[in-house]
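Structure file structure10.cif (mmCIF, C-alpha atoms) follows.
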```cif
data_work
#
loop_
_atom_site.label_atom_id
_atom_site.label_comp_id
_atom_site.auth_asym_id
_atom_site.auth_seq_id
_atom_site.Cartn_x
_atom_site.Cartn_y
_atom_site.Cartn_z
CA MET A 96 82.91 110.15 -39.29
CA LYS A 97 81.70 107.57 -36.78
CA ILE A 98 80.43 105.30 -39.58
CA TYR A 99 83.76 105.74 -41.40
CA TYR A 100 85.74 104.44 -38.40
CA LYS A 101 83.26 101.63 -37.93
CA THR A 102 83.75 100.52 -41.54
CA ILE A 103 87.56 100.62 -41.29
CA LEU A 104 87.53 98.61 -38.06
CA GLY A 105 85.07 96.14 -39.56
CA VAL A 106 87.25 95.64 -42.64
CA ALA A 107 90.43 95.28 -40.50
CA GLY A 108 88.69 92.69 -38.33
CA PHE A 109 87.52 90.84 -41.42
CA ILE A 110 91.07 90.76 -42.86
CA ALA A 111 92.35 89.36 -39.53
CA PHE A 112 89.64 86.69 -39.76
CA LEU A 113 90.77 85.87 -43.32
CA LEU A 114 94.38 85.50 -42.09
CA ALA A 115 93.31 83.06 -39.40
CA LEU A 116 91.11 81.15 -41.84
CA VAL A 117 93.83 80.82 -44.50
CA GLY A 118 96.38 79.93 -41.79
CA PHE A 119 94.07 77.14 -40.63
CA GLN A 120 93.53 76.01 -44.24
CA SER A 121 97.24 75.85 -45.05
CA ALA A 122 98.68 74.56 -41.76
CA PHE A 123 95.91 72.17 -40.71
CA LEU A 124 93.07 71.37 -43.09
CA ASN A 125 95.09 70.74 -46.26
CA GLY A 126 96.84 67.85 -44.54
CA PHE A 127 93.56 66.02 -43.96
CA ALA A 128 90.69 67.07 -46.21
CA SER A 129 89.98 68.69 -49.53
CA ALA A 130 87.91 71.78 -48.81
CA ASN A 131 88.53 75.37 -49.81
CA LEU A 132 87.37 77.50 -46.86
CA ILE A 133 87.82 80.78 -48.77
CA LEU A 134 85.60 79.49 -51.58
CA ILE A 135 82.95 78.42 -49.04
CA LEU A 136 83.11 81.84 -47.35
CA LEU A 137 82.86 83.53 -50.74
CA LEU A 138 79.74 81.57 -51.66
CA PHE A 139 78.26 82.17 -48.21
CA LEU A 140 78.73 85.95 -48.59
CA ILE A 141 77.32 86.00 -52.11
CA ILE A 142 74.18 84.19 -50.96
CA ARG A 143 73.88 86.68 -48.07
CA GLN A 144 74.34 89.46 -50.65
CA ASN A 145 77.40 90.92 -48.88
CA THR A 146 79.07 91.71 -52.19
CA PHE A 147 81.68 94.05 -50.66
CA LEU A 148 82.93 91.42 -48.23
CA ALA A 149 82.77 88.78 -50.99
CA ILE A 150 85.09 90.95 -53.10
CA LEU A 151 87.48 91.41 -50.16
CA THR A 152 87.44 87.65 -49.57
CA ALA A 153 88.14 87.00 -53.26
CA GLY A 154 91.00 89.50 -53.55
CA ILE A 155 92.75 89.25 -50.20
CA GLY A 156 91.89 85.59 -49.52
CA GLY A 157 93.15 84.70 -53.00
CA MET A 158 96.46 86.48 -52.43
CA LEU A 159 96.90 84.68 -49.11
CA ILE A 160 96.15 81.32 -50.75
CA ASP A 161 98.74 82.00 -53.47
CA THR A 162 101.50 82.01 -50.84
CA PHE A 163 101.20 78.19 -50.60
CA HIS A 164 99.51 77.34 -53.92
CA PHE A 165 101.31 76.05 -57.02
CA SER A 166 99.88 78.70 -59.34
CA VAL A 167 101.56 81.99 -60.23
CA PHE A 168 101.18 84.63 -57.52
CA GLY A 169 98.08 86.68 -58.41
CA ALA A 170 96.29 83.92 -60.35
CA THR A 171 94.03 82.74 -57.51
CA PRO A 172 92.66 86.24 -56.60
CA LEU A 173 92.00 86.77 -60.31
CA VAL A 174 90.04 83.51 -60.50
CA PHE A 175 88.14 84.34 -57.29
CA LEU A 176 87.27 87.86 -58.51
CA ILE A 177 85.98 86.58 -61.86
CA LEU A 178 83.96 83.94 -59.99
CA THR A 179 82.54 86.60 -57.63
CA LEU A 180 81.47 88.69 -60.61
CA VAL A 181 79.82 85.72 -62.36
CA LEU A 182 78.08 84.44 -59.21
CA SER A 183 76.86 87.94 -58.29
CA LEU A 184 75.35 88.29 -61.77
CA VAL A 185 73.54 84.93 -61.64
CA ARG A 186 72.67 85.27 -57.93
CA LYS A 187 69.12 86.46 -58.58
CA GLU A 188 68.41 83.40 -60.71
CA ILE A 189 69.78 80.67 -58.47
CA PHE A 190 70.39 81.95 -54.94
CA LEU A 191 67.03 83.57 -54.13
CA THR A 192 66.22 81.23 -51.26
CA SER A 193 68.26 79.13 -48.85
CA LYS A 194 66.53 75.85 -49.73
CA MET A 195 68.76 72.81 -49.33
CA GLU A 196 68.63 71.76 -52.99
CA LEU A 197 69.57 75.26 -54.11
CA LEU A 198 72.52 75.33 -51.70
CA ALA A 199 73.63 71.96 -53.08
CA MET A 200 73.34 73.24 -56.65
CA ALA A 201 75.21 76.43 -55.75
CA SER A 202 78.05 74.33 -54.23
CA ILE A 203 78.40 72.17 -57.36
CA ILE A 204 78.36 75.22 -59.67
CA THR A 205 80.87 77.15 -57.54
CA VAL A 206 83.40 74.33 -57.01
CA SER A 207 83.24 73.28 -60.69
CA SER A 208 83.53 76.88 -61.94
CA PHE A 209 86.46 77.57 -59.59
CA ARG A 210 88.34 74.50 -60.82
CA LEU A 211 87.56 75.22 -64.47
CA LEU A 212 88.64 78.87 -64.15
CA GLY A 213 91.77 77.74 -62.26
CA PHE A 214 92.59 75.26 -65.03
CA LEU A 215 92.13 77.90 -67.74
CA THR A 216 94.13 80.58 -65.89
CA ASP A 217 96.99 78.25 -64.95
CA ASN A 218 97.26 76.85 -68.46
CA GLY A 219 96.99 80.33 -69.99
CA LEU A 220 99.89 81.53 -67.84
CA ILE A 221 101.94 78.38 -68.51
CA PHE A 222 101.31 78.89 -72.24
CA LEU A 223 102.56 82.49 -72.01
CA LYS A 224 105.58 81.72 -69.82
CA GLY A 225 106.44 78.26 -71.21
CA GLY A 226 106.30 74.94 -69.38
CA ASN A 227 104.26 71.73 -69.12
CA LEU A 228 100.53 72.30 -69.58
CA GLU A 229 98.22 71.06 -66.82
CA ASN A 230 95.93 68.10 -67.45
CA LEU A 231 92.17 68.74 -67.07
CA GLY A 232 91.84 65.38 -65.30
CA PHE A 233 94.03 66.66 -62.48
CA TYR A 234 91.37 69.26 -61.64
CA PHE A 235 88.24 67.13 -62.09
CA TRP A 236 89.02 63.40 -62.35
CA ASN A 237 89.95 62.73 -58.72
CA ILE A 238 88.43 62.07 -55.33
CA GLY A 239 89.44 65.55 -54.13
CA PHE A 240 86.93 67.18 -56.48
CA LEU A 241 84.02 65.10 -55.15
CA THR A 242 85.15 65.56 -51.53
CA GLU A 243 85.34 69.32 -52.02
CA ILE A 244 81.79 69.45 -53.42
CA VAL A 245 80.43 67.32 -50.56
CA LEU A 246 82.26 69.34 -47.87
CA THR A 247 81.24 72.69 -49.43
CA MET A 248 77.65 71.49 -49.58
CA GLY A 249 77.76 70.17 -45.99
CA ILE A 250 79.30 73.30 -44.46
CA LEU A 251 76.94 75.57 -46.41
CA ILE A 252 73.87 73.59 -45.32
CA ILE A 253 75.05 73.77 -41.67
CA LEU A 254 75.65 77.54 -41.93
CA ASN A 255 72.36 77.96 -43.85
CA PRO A 256 72.93 81.49 -45.15
CA LYS A 257 69.89 83.72 -45.57
CA PRO A 258 69.75 86.24 -48.43
CA ASN A 259 69.75 89.94 -47.56
CA ALA A 260 71.49 89.47 -44.19
CA LYS A 261 74.23 92.04 -43.62
CA ILE A 262 77.38 91.45 -41.57
CA ILE A 263 79.07 94.89 -41.71
CA MET N 1235 79.42 100.22 -48.59
CA ASN N 1236 77.66 99.92 -51.97
CA LYS N 1237 79.67 102.85 -53.34
CA LEU N 1238 82.94 101.15 -52.32
CA THR N 1239 82.07 97.79 -53.92
CA PRO N 1240 82.92 98.54 -57.61
CA ALA N 1241 86.06 100.47 -56.54
CA ALA N 1242 87.25 97.59 -54.34
CA PHE N 1243 86.60 95.12 -57.19
CA PHE N 1244 88.61 97.07 -59.76
CA ILE N 1245 91.49 97.83 -57.37
CA LEU N 1246 91.85 94.17 -56.40
CA LEU N 1247 91.47 93.06 -60.04
CA LEU N 1248 94.23 95.47 -61.13
CA LEU N 1249 96.44 94.31 -58.25
CA SER N 1250 96.01 90.66 -59.22
CA ILE N 1251 96.83 91.33 -62.87
CA SER N 1252 99.86 93.43 -61.85
CA PHE N 1253 101.09 90.64 -59.56
CA ILE N 1254 100.85 88.14 -62.42
CA PHE N 1255 102.57 90.20 -65.10
CA PHE N 1256 105.18 91.92 -62.91
CA SER N 1257 105.87 88.91 -60.68
CA GLN N 1258 109.65 89.31 -61.03
CA SER N 1259 109.71 93.03 -60.14
CA ALA N 1260 110.98 94.31 -56.78
CA PRO N 1261 107.70 95.93 -55.56
CA VAL N 1262 105.70 92.73 -56.26
CA SER N 1263 108.35 90.57 -54.55
CA LEU N 1264 108.25 92.89 -51.54
CA ALA N 1265 104.43 92.80 -51.42
CA LYS N 1266 104.53 89.00 -51.65
CA LYS N 1267 107.09 88.78 -48.83
CA LEU N 1268 104.97 91.07 -46.64
CA ILE N 1269 101.87 88.93 -47.22
CA ILE N 1270 103.83 85.74 -46.46
CA GLU N 1271 105.34 87.23 -43.28
CA THR N 1272 101.90 88.41 -42.10
CA LEU N 1273 100.47 84.94 -42.57
CA ARG N 1274 103.49 83.16 -41.00
CA PRO N 1275 102.57 83.53 -37.28
CA PHE N 1276 99.13 82.04 -37.96
CA GLU N 1277 100.64 79.12 -39.88
CA MET N 1278 103.38 78.53 -37.29
CA GLY N 1279 100.86 78.42 -34.45
CA ILE N 1280 98.37 76.21 -36.25
CA SER N 1281 101.06 73.84 -37.61
CA THR N 1282 102.31 73.31 -34.03
CA ILE N 1283 98.76 72.39 -33.02
CA ARG N 1284 98.51 70.10 -36.07
CA ASN N 1285 101.78 68.31 -35.22
CA ASN N 1286 100.66 67.79 -31.62
CA PHE N 1287 97.30 66.57 -32.85
CA MET N 1288 98.99 64.12 -35.26
CA PHE N 1289 101.36 62.94 -32.52
CA TRP N 1290 98.58 62.17 -30.03
CA GLN N 1291 96.34 60.68 -32.71
CA ASN N 1292 99.13 58.29 -33.74
CA ALA N 1293 100.02 57.58 -30.09
CA VAL N 1294 96.44 56.64 -29.21
CA LEU N 1295 96.00 54.54 -32.34
CA SER N 1296 99.26 52.63 -31.90
CA LEU N 1297 99.24 52.15 -28.11
CA ARG N 1298 99.11 48.35 -28.39
CA ASN N 1299 102.23 48.17 -30.49
CA ILE N 1300 104.26 50.55 -28.37
CA LYS N 1301 104.96 48.02 -25.60
CA LYS N 1302 106.11 45.33 -28.05
CA MET N 1303 108.20 47.85 -29.96
CA ASN N 1304 109.81 49.06 -26.75
CA GLU N 1305 110.98 45.56 -25.83
CA SER N 1306 112.43 44.91 -29.27
CA LEU N 1307 114.09 48.35 -29.27
CA ILE N 1308 115.88 47.60 -25.98
CA ASN N 1309 117.32 44.42 -27.49
CA GLU N 1310 118.20 46.21 -30.70
CA ASN N 1311 119.89 48.97 -28.71
CA LEU N 1312 122.18 46.50 -26.97
CA GLU N 1313 123.22 45.02 -30.32
CA LEU N 1314 123.82 48.51 -31.70
CA TYR N 1315 126.23 49.43 -28.90
CA GLY N 1316 128.54 46.72 -30.14
CA LYS N 1317 128.16 47.81 -33.75
CA VAL N 1318 128.84 51.49 -32.91
CA GLU N 1319 132.13 50.58 -31.31
CA LYS N 1320 133.12 48.59 -34.39
CA LEU N 1321 132.01 51.46 -36.66
CA SER N 1322 134.10 54.04 -34.83
CA GLU N 1323 137.17 51.89 -35.46
CA LEU N 1324 136.22 51.60 -39.14
CA GLN N 1325 135.65 55.38 -39.30
CA LYS N 1326 139.18 56.03 -38.03
CA GLU N 1327 140.59 53.59 -40.57
CA ASN N 1328 138.48 55.21 -43.32
CA ASP N 1329 139.73 58.72 -42.41
CA ILE N 1330 143.34 57.60 -42.61
CA LEU N 1331 142.73 55.97 -46.01
CA ARG N 1332 140.94 59.11 -47.32
CA GLU N 1333 143.81 61.27 -46.20
CA GLN N 1334 146.23 58.96 -47.91
CA LEU N 1335 144.24 59.06 -51.12
CA ASN N 1336 144.01 62.86 -50.80
CA LEU N 1337 140.22 62.87 -51.13
CA SER N 1338 138.31 65.74 -49.62
CA ARG N 1339 134.95 65.02 -48.07
CA GLN N 1340 131.96 66.54 -49.86
CA ASN N 1341 130.97 69.57 -47.83
CA ILE N 1342 127.16 69.51 -47.96
CA ASN N 1343 125.38 72.30 -46.14
CA VAL N 1344 122.22 70.85 -44.59
CA LYS N 1345 119.39 72.79 -42.94
CA SER N 1346 116.49 71.18 -41.17
CA ALA N 1347 113.09 72.85 -41.72
CA GLY N 1348 109.56 72.20 -40.53
CA ILE N 1349 106.56 72.22 -42.86
CA ILE N 1350 104.14 74.96 -41.80
CA GLY N 1351 101.83 75.05 -44.81
CA ARG N 1352 100.77 72.90 -47.72
CA ASP N 1353 98.75 73.10 -50.90
CA PHE N 1354 95.21 71.74 -51.25
CA GLN N 1355 95.64 67.94 -50.85
CA ASN N 1356 97.75 67.67 -53.98
CA ASN N 1357 101.07 68.15 -52.13
CA ARG N 1358 102.51 70.06 -55.05
CA VAL N 1359 103.72 72.89 -52.82
CA PHE N 1360 104.98 73.08 -49.22
CA LEU N 1361 105.79 76.08 -47.08
CA VAL N 1362 108.68 75.65 -44.63
CA ASN N 1363 109.79 77.71 -41.62
CA LYS N 1364 113.25 78.57 -42.98
CA GLY N 1365 113.85 81.47 -45.35
CA SER N 1366 116.48 83.81 -46.73
CA ASN N 1367 117.44 84.86 -43.15
CA ASP N 1368 118.54 81.25 -42.57
CA GLY N 1369 120.52 81.09 -45.80
CA VAL N 1370 117.88 79.34 -47.91
CA LYS N 1371 118.09 80.26 -51.59
CA ASN N 1372 116.02 79.51 -54.68
CA GLY N 1373 117.02 76.28 -56.41
CA MET N 1374 118.18 74.46 -53.24
CA MET N 1375 117.23 70.76 -53.05
CA VAL N 1376 114.81 69.45 -50.43
CA VAL N 1377 115.14 65.87 -49.19
CA VAL N 1378 114.12 63.61 -46.31
CA LYS N 1379 115.87 60.65 -44.68
CA GLU N 1380 118.07 58.44 -46.83
CA LYS N 1381 118.39 61.14 -49.50
CA ILE N 1382 114.84 60.80 -50.76
CA ALA N 1383 114.01 63.73 -53.06
CA VAL N 1384 111.08 65.91 -52.00
CA GLY N 1385 111.45 68.97 -54.22
CA LYS N 1386 113.30 72.23 -54.60
CA VAL N 1387 113.02 75.76 -53.27
CA VAL N 1388 111.21 78.00 -55.78
CA ASP N 1389 110.54 81.09 -53.70
CA THR N 1390 111.99 82.50 -50.49
CA SER N 1391 110.75 85.06 -48.04
CA TYR N 1392 112.64 86.34 -44.96
CA ASN N 1393 111.57 83.46 -42.70
CA THR N 1394 109.77 81.03 -45.02
CA ALA N 1395 110.42 79.23 -48.28
CA LYS N 1396 108.10 77.74 -50.87
CA ILE N 1397 108.99 74.20 -51.96
CA GLN N 1398 107.85 72.86 -55.33
CA THR N 1399 107.62 69.10 -54.86
CA ILE N 1400 108.68 66.52 -57.44
CA LEU N 1401 104.95 65.86 -58.01
CA ASP N 1402 104.42 69.27 -59.61
CA THR N 1403 103.83 69.32 -63.37
CA GLN N 1404 106.70 71.77 -63.80
CA SER N 1405 109.14 69.37 -62.08
CA ARG N 1406 111.54 67.49 -64.39
CA ILE N 1407 114.56 65.53 -63.13
CA ALA N 1408 117.21 63.77 -65.22
CA ALA N 1409 117.07 60.29 -63.71
CA ILE N 1410 118.60 56.85 -64.02
CA ALA N 1411 117.47 53.33 -63.11
CA ILE N 1412 120.09 52.15 -60.66
CA ASN N 1413 120.48 48.47 -61.71
CA SER N 1414 119.92 48.52 -65.46
CA ASN N 1415 121.58 51.95 -65.91
CA ILE N 1416 118.70 53.13 -68.10
CA SER N 1417 118.40 56.91 -68.22
CA GLY N 1418 115.26 58.99 -68.65
CA LEU N 1419 113.32 61.90 -67.26
CA ALA N 1420 111.30 61.79 -64.01
CA ARG N 1421 108.33 64.05 -64.66
CA GLY N 1422 105.65 65.22 -62.21
CA LEU N 1423 102.02 64.75 -63.22
CA GLY N 1424 100.41 66.65 -60.35
CA SER N 1425 99.70 63.71 -58.09
CA ASP N 1426 102.06 61.06 -59.55
CA ILE N 1427 105.47 60.82 -61.20
CA ILE N 1428 106.44 59.01 -64.40
CA PHE N 1429 109.82 57.89 -65.72
CA ASP N 1430 109.63 59.25 -69.24
CA LEU N 1431 111.85 59.35 -72.35
CA ILE N 1432 113.19 55.80 -71.88
CA ALA N 1433 114.87 54.49 -75.06
CA LYS N 1434 112.52 52.17 -76.99
CA ASN N 1435 114.87 49.18 -76.80
CA LYS N 1436 115.30 49.42 -73.02
CA ILE N 1437 112.90 48.25 -70.33
CA PRO N 1438 113.67 48.86 -66.63
CA GLU N 1439 112.84 46.17 -64.06
CA ILE N 1440 109.80 46.40 -61.81
CA GLY N 1441 110.85 47.56 -58.35
CA GLU N 1442 114.11 49.03 -59.61
CA LEU N 1443 115.24 52.18 -57.84
CA ILE N 1444 115.18 55.48 -59.77
CA VAL N 1445 117.67 58.14 -58.70
CA SER N 1446 118.62 61.57 -60.03
CA SER N 1447 121.51 61.31 -62.48
CA GLY N 1448 122.74 64.89 -62.15
CA ALA N 1449 122.80 65.18 -65.96
CA ASP N 1450 120.47 68.19 -65.92
CA GLY N 1451 122.92 70.22 -63.85
CA ILE N 1452 120.10 71.16 -61.45
CA TRP N 1453 119.54 68.09 -59.31
CA ARG N 1454 122.34 66.53 -57.28
CA ARG N 1455 123.31 63.01 -58.39
CA GLY N 1456 122.03 60.08 -56.32
CA LEU N 1457 118.82 61.47 -54.81
CA ILE N 1458 116.16 58.74 -54.62
CA ILE N 1459 112.98 59.50 -56.57
CA GLY N 1460 111.10 56.20 -56.27
CA LYS N 1461 110.73 52.65 -57.57
CA ILE N 1462 109.49 51.39 -60.94
CA LYS N 1463 105.85 50.33 -60.56
CA GLU N 1464 104.75 49.58 -64.12
CA VAL N 1465 106.40 49.86 -67.53
CA LYS N 1466 104.41 51.03 -70.54
CA SER N 1467 105.73 50.21 -73.99
CA GLU N 1468 103.48 51.03 -76.95
CA ASP N 1469 104.40 50.59 -80.62
CA SER N 1470 102.89 53.96 -81.51
CA GLN N 1471 105.11 55.80 -78.98
CA VAL N 1472 108.67 56.92 -79.65
CA PHE N 1473 109.77 56.31 -76.04
CA ASN N 1474 108.86 53.89 -73.27
CA THR N 1475 107.45 55.23 -70.02
CA ALA N 1476 107.16 53.80 -66.51
CA GLU N 1477 105.03 54.67 -63.51
CA ILE N 1478 107.06 55.52 -60.41
CA GLN N 1479 106.00 54.43 -56.95
CA MET N 1480 107.03 57.08 -54.45
CA MET N 1481 109.07 56.15 -51.37
CA ILE N 1482 107.31 58.57 -49.02
CA ASN N 1483 103.81 59.77 -48.31
CA PHE N 1484 103.96 63.52 -48.87
CA GLN N 1485 100.96 64.12 -46.64
CA GLU N 1486 102.73 62.63 -43.62
CA LEU N 1487 105.84 64.80 -43.91
CA ILE N 1488 106.51 67.12 -40.97
CA ASP N 1489 110.20 67.99 -41.34
CA VAL N 1490 112.50 68.17 -44.36
CA LEU N 1491 116.19 68.82 -45.04
CA ILE N 1492 117.31 71.62 -47.35
CA ILE N 1493 120.65 70.99 -49.05
CA GLU N 1494 122.83 73.14 -51.27
#
```
Could the structure of this file be written out as structure tokens, please?
Amino acid sequence: MKIYYKTILGVAGFIAFLLALVGFQSAFLNGFASANLILILLLFLIIRQNTFLAILTAGIGGMLIDTFHFSVFGATPLVFLILTLVLSLVRKEIFLTSKMELLAMASIITVSSFRLLGFLTDNGLIFLKGGNLENLGFYFWNIGFLTEIVLTMGILIILNPKPNAKII
Amino acid sequence: MNKLTPAAFFILLLLSISFIFFSQSAPVSLAKKLIIETLRPFEMGISTIRNNFMFWQNAVLSLRNIKKMNESLINENLELYGKVEKLSELQKENDILREQLNLSRQNINVKSAGIIGRDFQNNRVFLVNKGSNDGVKNGMMVVVKEKIAVGKVVDTSYNTAKIQTILDTQSRIAAIAINSNISGLARGLGSDIIFDLIAKNKIPEIGELIVSSGADGIWRRGLIIGKIKEVKSEDSQVFNTAEIQMMINFQELIDVLIIE
């Protein structure tokens, strides 16, 4: 029973942290720099092998992001959850250690995959509902894409996540 | 925790899919409003910090110019006093003439709103601190000073509203070039806008102002969209297109006006 309460409190605290993080992203960071804090947290948790928290981040963080994102409500958590599944499956191959080059590679793979999945999901939904299809260049051919990779890489290297470290 | 992981994944996956496919239903709208309202205090607090940060950053960076500007503003102010007096006389004269012509003034309901959230760098979506409790409804126009078009309200919560800017790929405005009277369609490309569907035999001038024509029945007539930057006319294309230079920097916006 004690462990049960501990888990609930831990999850509630984590959701409050996600609210603050997304609030900071939307009200402050998006006006200055191109970095997706939820994506960075997701990657950080996957490397640390906290799959449960990574799933919570993907689902709840994605829903929070959709309140100020141009995509259809529900599309971002879907993209995040698919990404979590894919990254968890390939984790053993690419995220075994916290070496700098592997963190850099993980950042490039994650940001690119997120944008590609976002492009496919958004266009799929636009195709179903009708409207102007998105251009692939908008997702990749801009300075924001490169900035996001560099910032993700930088923040991840500073945090230097170690595999097998548990938070809750 | 390991036992909960697959369950949490499938529950959240099902929720996401339900949100997408039943986005118009009442339970999904309610869930969305609850999520937005939960996030609102965080965004309000942080946006206040951001605005203060921006204010002080600009103040420190432009300290040299402030003194010069202050002197010129004092002189300008004195000149304006004289003009205001003249304008009030003209206003009275104008009112009498309007009455005589039996013209009723256009009753535009304007609400000022502060931006509390924005999309990742692209400025395709803004979140403002006015919602359905303040009378904001879907489809309302959003402008800034001098009737410059910003976007329209696409979603409202109790105390917030989501604004789709004119940069969004789903944004289409029936527009007209103000001098040459050439009509077309101002279309968002995500980070830019183009003036599309211009008749092949017509070429607008560079620098010409593009305003909404009101022909689409959605956008009010006369809202400024931007200026013509470059005209593209290719033999293989049925219509001419032109790049539009925007009048405002969307990233610097702090407050907007919502009009009916």
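As for atom CA of Ala130 of chain A and atom CA of Leu246 of chain A, they are spaced 6.2 Å apart.
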- Hits from the PyMOL selection byres ((chain A) within 9 of (chain N)), listed as JSON, numbers by chain: {"A": [102, 114, 115, 116, 117, 118, 119, 120, 121, 122, 123, 124, 125, 126, 127, 128, 129, 130, 131, 146, 147, 148, 150, 151, 153, 154, 155, 158, 159, 160, 162, 163, 164, 165, 167, 168, 169, 170, 171, 172, 173, 176, 177, 180, 220, 226, 227, 228, 229, 230, 233, 239, 263]}
- Query: What is the distance between atom CA of Ala1383 of chain N and atom CA of Ile1493 of chain N, in Å to one decimal?
  - Reply: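 Atom-to-atom, atom CA of Ala1383 of chain N and atom CA of Ile1493 of chain N are spaced 10.6 Å apart.
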- Using all atoms listed in the file, determine which residues lie at most 10 Å from Gly1369 of chain N, disregarding the query and same-chain residues fewer than 2 positions distant; provide the list as a list in words. Lys1345, Lys1364, Gly1365, Ser1366, Asn1367, Lys1371, Thr1390, Tyr1392, Asn1393 and Glu1494 of chain N
- Quick one: pull the distance between atom CA of Asn1372 of chain N and atom CA of Ser1391 of chain N, Å, one decimal.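 Separating atom CA of Asn1372 of chain N from atom CA of Ser1391 of chain N is a distance of 10.1 Å.
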- Any chance you could work out the residue set of the PyMOL selection byres ((chain A and resi 196-202) around 10) here, as a VMD selection string? chain A and resid 134 to 135 138 to 139 142 182 186 189 to 195 203 to 208 243 to 252 255 to 256
- Item | Residues matched by the PyMOL selection byres ((chain N and resi 1376) around 6), written as a list in words | Met1375, Val1377, Val1384, Gly1385, Lys1386, Leu1491 and Ile1492 of chain N
Could the residues in this selection be written to a file with C-alpha atoms, as a PDB file, in the frame of the given file?
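The new file out.pdb reads:
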```pdb
ATOM      1  CA  MET N1375     117.230  70.760 -53.050  1.00  0.00           C
ATOM      2  CA  VAL N1377     115.140  65.870 -49.190  1.00  0.00           C
ATOM      3  CA  VAL N1384     111.080  65.910 -52.000  1.00  0.00           C
ATOM      4  CA  GLY N1385     111.450  68.970 -54.220  1.00  0.00           C
ATOM      5  CA  LYS N1386     113.300  72.230 -54.600  1.00  0.00           C
ATOM      6  CA  LEU N1491     116.190  68.820 -45.040  1.00  0.00           C
ATOM      7  CA  ILE N1492     117.310  71.620 -47.350  1.00  0.00           C
TER       8      ILE N1492
END
```
